[in-house]
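Below is one structure; the comments refer to it alone.
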Amino acid sequence: MADPYQILGVRREAGADEIRKAYRGLAKKTHPDLHPDDKAAEVRFKEIASAYAIVGDEAKRALFDSGKIDGSGAELKPSPDREFYRQHAEAEPGVKYEQYWRGSENGQEDDLFAELFGRRTTVKMRGSDLSYTLAVTFLEAVNGAKKRVVMGDGKTLDLSIPPGLVDQQILRLRGQGQAGAGGEKPGDALVEIHVEPHPLFQRNGNDILSILAITLGEALAGAKVPAETVTGTINVTVPKGSNTGTKLRLRGKGVVARDAKGDHFVELKVVLPDKPDDAFVKSVKEWESMHPYDPR
C-alpha cells in the first residue's frame, strides 16, 4: 500500500494547511471532469483522493502515523473483541470516480468543487463495496452457524453462515457497504470466510476424513467403538481382522450442503499399549513363531 504522504508529495510533519493545499493542486490537475478520456488521470485522481482521505483527516492521520491503519484505511491490528475487520474499500467496477471527501459537516466538499471548477457539483453514484474477513471454525463452516459481527464502522450485523461453506468463499451482504452519493444505493459488504483447521477432521470436497485409533484386540476380533463425526459421536462397527489403513465409509455423514451430501471416511489405526507387559510380548512372539508372515 502506497504511502499517502508520498502520493501528495508532502512531508510527514506537514501541517493541515500544507496538506490541503497540495491535495487541491493535485486534484485540480487530475480530476476526471477535466480529463474525461484519460484513464490514467482517473486512477491518479483516486489515489490522490484516497491519500487525502487519510492524512487530511486528523483522526485517521493519527491512526496511520501510529501504524494502526494502512494507506487504504484498513486496520492493521484489529481489536480482539471484534470478529472481523475492514481490510480495504474500492470503487465499484465501472464507477467513474469516488467521492472521498464525503461526510463533511460544513459543506467543504462543495466549496472545494466550486473553488476548483467554478461551480458546485453533486456527485451521484452507488456506494462502494467494503471488503472484510471473518474467521469461522471448521464445524461452523461445515454445519452452518449464526455469527454476530462488528463492522469496521462499529455497526453490528447478524450473519448467517450457510452449511458447506469453503475456505476463502465470499459472502455478499447487500446494502451494508458505504453509503451512496446523491441519493444512490449503498454498496455491499463482501465478507471473505477463513475456515480454521480442525485437529481431527479434514475435508475433501463434501467428504470428511478422519483417523480412528483402535486396540489390537478390537482389530482382531472386531468391535463396536465410538467415533467422532462433524455432527457428534456415533458407534461404528470395526470389522473382524481390520488393520491400520482400513477405511470405513459412513454414508451421508459428511458435509450436507444445499446441493450435495458427502460421506465420512474413517481410517483405522491399530495402536499398541504404551507399555506392554512381558506376558503380552511373549504371547505375540509365540504366535508369530507358529504363524510366520511377512508384513513387508
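Identifiers for the C-alpha cells are assigned positionally: chains receive A, B, ... in sequence, residues are indexed from 1 per chain, and ligands are indexed from 1 in the order shown.
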
Segment 138-222 of chain A: which residues are strand (DSSP E) by DSSP, as a PDB file with C-alpha atoms, in the first residue's frame?
```pdb
ATOM      1  CA  ALA A 145     -23.890 -21.023  12.068  1.00  0.00           C
ATOM      2  CA  LYS A 146     -25.183 -17.631  13.119  1.00  0.00           C
ATOM      3  CA  LYS A 147     -22.485 -15.059  13.782  1.00  0.00           C
ATOM      4  CA  ARG A 148     -22.917 -11.625  15.313  1.00  0.00           C
ATOM      5  CA  VAL A 149     -20.139  -9.477  13.960  1.00  0.00           C
ATOM      6  CA  VAL A 150     -18.954  -5.888  14.246  1.00  0.00           C
ATOM      7  CA  THR A 156     -23.345  -4.816  14.457  1.00  0.00           C
ATOM      8  CA  LEU A 157     -24.760  -7.330  11.989  1.00  0.00           C
ATOM      9  CA  ASP A 158     -26.170 -10.837  12.299  1.00  0.00           C
ATOM     10  CA  LEU A 159     -24.572 -13.028   9.645  1.00  0.00           C
ATOM     11  CA  SER A 160     -25.819 -16.464   8.536  1.00  0.00           C
ATOM     12  CA  ILE A 161     -23.082 -18.931   7.640  1.00  0.00           C
ATOM     13  CA  ILE A 170     -17.077 -14.644  -0.123  1.00  0.00           C
ATOM     14  CA  LEU A 171     -20.485 -13.750   1.290  1.00  0.00           C
ATOM     15  CA  ARG A 172     -22.208 -10.638  -0.054  1.00  0.00           C
ATOM     16  CA  LEU A 173     -24.270  -8.550   2.377  1.00  0.00           C
ATOM     17  CA  ALA A 189     -20.194  -5.719   2.311  1.00  0.00           C
ATOM     18  CA  LEU A 190     -18.075  -8.554   0.915  1.00  0.00           C
ATOM     19  CA  VAL A 191     -17.057 -10.949   3.684  1.00  0.00           C
ATOM     20  CA  GLU A 192     -14.272 -13.421   2.880  1.00  0.00           C
ATOM     21  CA  ILE A 193     -14.523 -16.500   5.085  1.00  0.00           C
ATOM     22  CA  HIS A 194     -11.388 -18.024   6.571  1.00  0.00           C
ATOM     23  CA  VAL A 195     -12.002 -21.554   7.889  1.00  0.00           C
ATOM     24  CA  GLN A 202     -10.035 -32.927   7.123  1.00  0.00           C
ATOM     25  CA  ARG A 203     -12.259 -32.026   4.213  1.00  0.00           C
ATOM     26  CA  ASN A 204     -12.106 -33.262   0.632  1.00  0.00           C
ATOM     27  CA  ASP A 207     -16.369 -35.684   2.180  1.00  0.00           C
ATOM     28  CA  ILE A 208     -14.852 -35.693   5.663  1.00  0.00           C
ATOM     29  CA  LEU A 209     -11.729 -37.678   6.532  1.00  0.00           C
ATOM     30  CA  SER A 210     -10.561 -38.725   9.986  1.00  0.00           C
ATOM     31  CA  ILE A 211      -8.390 -41.331  11.729  1.00  0.00           C
ATOM     32  CA  LEU A 212      -9.779 -43.611  14.431  1.00  0.00           C
ATOM     33  CA  ALA A 213      -7.432 -45.371  16.857  1.00  0.00           C
ATOM     34  CA  ILE A 214      -8.382 -48.934  17.858  1.00  0.00           C
TER      35      ILE A 214
END
```

Might you pull out every residue within 10 Å of Ile54 of chain A, with only C-alpha atoms counted and same-chain residues fewer than 5 positions away left off, and present them as an MDAnalysis selection string? chainID A and resid 4:5 49 59:65 69:73 100

I need the chosen residues saved as a PDB file, in the first residue's frame, with N, CA and C atoms.
```
ATOM      1  N   PRO A   4       0.453   7.615   1.762  1.00  0.00           N
ATOM      2  CA  PRO A   4      -0.336   8.781   1.349  1.00  0.00           C
ATOM      3  C   PRO A   4       0.467  10.076   1.363  1.00  0.00           C
ATOM      4  N   TYR A   5       1.460  10.189   2.244  1.00  0.00           N
ATOM      5  CA  TYR A   5       2.300  11.388   2.242  1.00  0.00           C
ATOM      6  C   TYR A   5       3.072  11.490   0.923  1.00  0.00           C
ATOM      7  N   ALA A  49      -7.119  11.261  -3.967  1.00  0.00           N
ATOM      8  CA  ALA A  49      -8.261  11.448  -3.078  1.00  0.00           C
ATOM      9  C   ALA A  49      -8.213  10.478  -1.907  1.00  0.00           C
ATOM     10  N   ALA A  59      -8.120  12.451  12.726  1.00  0.00           N
ATOM     11  CA  ALA A  59      -8.206  11.190  13.452  1.00  0.00           C
ATOM     12  C   ALA A  59      -7.555  10.053  12.661  1.00  0.00           C
ATOM     13  N   LYS A  60      -7.858   9.990  11.346  1.00  0.00           N
ATOM     14  CA  LYS A  60      -7.281   8.922  10.531  1.00  0.00           C
ATOM     15  C   LYS A  60      -5.775   9.099  10.385  1.00  0.00           C
ATOM     16  N   ARG A  61      -5.343  10.337  10.304  1.00  0.00           N
ATOM     17  CA  ARG A  61      -3.903  10.581  10.183  1.00  0.00           C
ATOM     18  C   ARG A  61      -3.175  10.062  11.418  1.00  0.00           C
ATOM     19  N   ALA A  62      -3.768  10.282  12.586  1.00  0.00           N
ATOM     20  CA  ALA A  62      -3.149   9.809  13.826  1.00  0.00           C
ATOM     21  C   ALA A  62      -3.089   8.281  13.852  1.00  0.00           C
ATOM     22  N   LEU A  63      -4.147   7.630  13.356  1.00  0.00           N
ATOM     23  CA  LEU A  63      -4.146   6.163  13.306  1.00  0.00           C
ATOM     24  C   LEU A  63      -3.096   5.643  12.332  1.00  0.00           C
ATOM     25  N   PHE A  64      -2.968   6.327  11.181  1.00  0.00           N
ATOM     26  CA  PHE A  64      -1.969   5.909  10.196  1.00  0.00           C
ATOM     27  C   PHE A  64      -0.555   6.109  10.737  1.00  0.00           C
ATOM     28  N   ASP A  65      -0.312   7.262  11.347  1.00  0.00           N
ATOM     29  CA  ASP A  65       1.026   7.555  11.863  1.00  0.00           C
ATOM     30  C   ASP A  65       1.429   6.592  12.973  1.00  0.00           C
ATOM     31  N   ILE A  69      -3.632   1.747  11.046  1.00  0.00           N
ATOM     32  CA  ILE A  69      -4.297   1.523   9.763  1.00  0.00           C
ATOM     33  C   ILE A  69      -3.268   1.701   8.667  1.00  0.00           C
ATOM     34  N   ASP A  70      -3.581   1.147   7.481  1.00  0.00           N
ATOM     35  CA  ASP A  70      -2.674   1.334   6.354  1.00  0.00           C
ATOM     36  C   ASP A  70      -3.180   2.458   5.468  1.00  0.00           C
ATOM     37  N   GLY A  71      -2.568   2.620   4.304  1.00  0.00           N
ATOM     38  CA  GLY A  71      -2.899   3.740   3.434  1.00  0.00           C
ATOM     39  C   GLY A  71      -4.286   3.696   2.844  1.00  0.00           C
ATOM     40  N   SER A  72      -4.982   2.540   2.960  1.00  0.00           N
ATOM     41  CA  SER A  72      -6.356   2.458   2.474  1.00  0.00           C
ATOM     42  C   SER A  72      -7.378   2.649   3.593  1.00  0.00           C
ATOM     43  N   GLY A  73      -6.880   2.756   4.840  1.00  0.00           N
ATOM     44  CA  GLY A  73      -7.777   2.867   5.980  1.00  0.00           C
ATOM     45  C   GLY A  73      -8.074   1.543   6.646  1.00  0.00           C
ATOM     46  N   TYR A 100     -14.257  10.935  -2.107  1.00  0.00           N
ATOM     47  CA  TYR A 100     -13.527  10.584  -0.898  1.00  0.00           C
ATOM     48  C   TYR A 100     -13.671  11.621   0.204  1.00  0.00           C
TER      49      TYR A 100
END
```

Could you pull out the helix (DSSP H, G or I) residues of segment 210-278 of chain A from DSSP and send them as a list in words? Leu216, Gly217, Glu218, Ala219, Leu220, Ala221 and Asp278 of chain A

May I have the residues from that selection written out with N, CA and C atoms, as a short mmCIF file (atom, residue, chain, number, x, y, z; two decimals), in the first residue's frame?
```cif
data_model
loop_
_atom_site.label_atom_id
_atom_site.label_comp_id
_atom_site.auth_asym_id
_atom_site.auth_seq_id
_atom_site.Cartn_x
_atom_site.Cartn_y
_atom_site.Cartn_z
N LEU A 216 -5.46 -53.56 19.47
CA LEU A 216 -5.15 -54.77 18.72
C LEU A 216 -6.29 -55.78 18.84
N GLY A 217 -6.87 -55.89 20.03
CA GLY A 217 -7.98 -56.82 20.22
C GLY A 217 -9.19 -56.43 19.40
N GLU A 218 -9.51 -55.13 19.34
CA GLU A 218 -10.64 -54.66 18.54
C GLU A 218 -10.41 -54.93 17.06
N ALA A 219 -9.15 -54.77 16.62
CA ALA A 219 -8.83 -55.01 15.21
C ALA A 219 -8.96 -56.51 14.89
N LEU A 220 -8.50 -57.38 15.79
CA LEU A 220 -8.51 -58.82 15.52
C LEU A 220 -9.91 -59.41 15.60
N ALA A 221 -10.64 -59.06 16.64
CA ALA A 221 -11.93 -59.70 16.90
C ALA A 221 -13.11 -58.91 16.38
N ASP A 278 5.40 -58.21 29.88
CA ASP A 278 6.13 -59.37 29.35
C ASP A 278 5.20 -60.46 28.84
#
```

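Interatomic distance, atom CA of Val238 of chain A against atom CA of Arg251 of chain A: 15.4 Å.
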
Write out as a PyMOL selection string the residues lying within 12 Å of segment 280-295 of chain A, counting only C-alpha atoms and excluding same-chain residues fewer than 3 positions away. chain A and resi 216-217+243-244+272-273+275-277

Using only C-alpha atoms, which residue out of A:Ser50, A:Gln169, A:Ser242, A:Ser128 lies closest to Thr215 of chain A?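 When distances to Thr215 of chain A are compared using only C-alpha atoms, the smallest one comes from A:Ser242.
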
Find the spatial neighbours of Ile234 of chain A, counting only C-alpha atoms, within a cut-off of 12 Å - ignore same-chain residues fewer than 2 positions away - and output them as a list in words.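 Contacts, with the query itself left out: Lys224, Val225, Pro226, Ala227, Glu228, Thr229, Val230, Thr231, Gly232, Val236, Thr237, Leu250, Lys253, His264 and Val266 of chain A.
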
Computed interatomic separation between atom CA of Asn143 of chain A and atom CA of Pro239 of chain A (Å):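 Going from atom CA of Asn143 of chain A over to atom CA of Pro239 of chain A, I get 29.4 Å.
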
Distance in Å - atom CA of Glu18 of chain A versus atom CA of Val55 of chain A: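 Between atom CA of Glu18 of chain A and atom CA of Val55 of chain A the gap is 11.1 Å.
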
Using only C-alpha atoms, determine which residues lie at most 12 Å from Gly9 of chain A, disregarding the query and same-chain residues fewer than 6 positions distant; provide the list as a list of chain:residue names.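 Non-adjacent residues within range: A:Ala2, A:Asp3, A:Glu18, A:Ile19, A:Arg20, A:Lys21, A:Ala22, A:Tyr23, A:Gly25, A:Leu26, A:Ile48, A:Ala51, A:Tyr52, A:Val55.
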
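For the residues A:Leu139, A:Val10, A:Ala223, A:Ala179, ranking by smallest atom-to-atom distance to Leu165 of chain A using only C-alpha atoms places A:Leu139 first.
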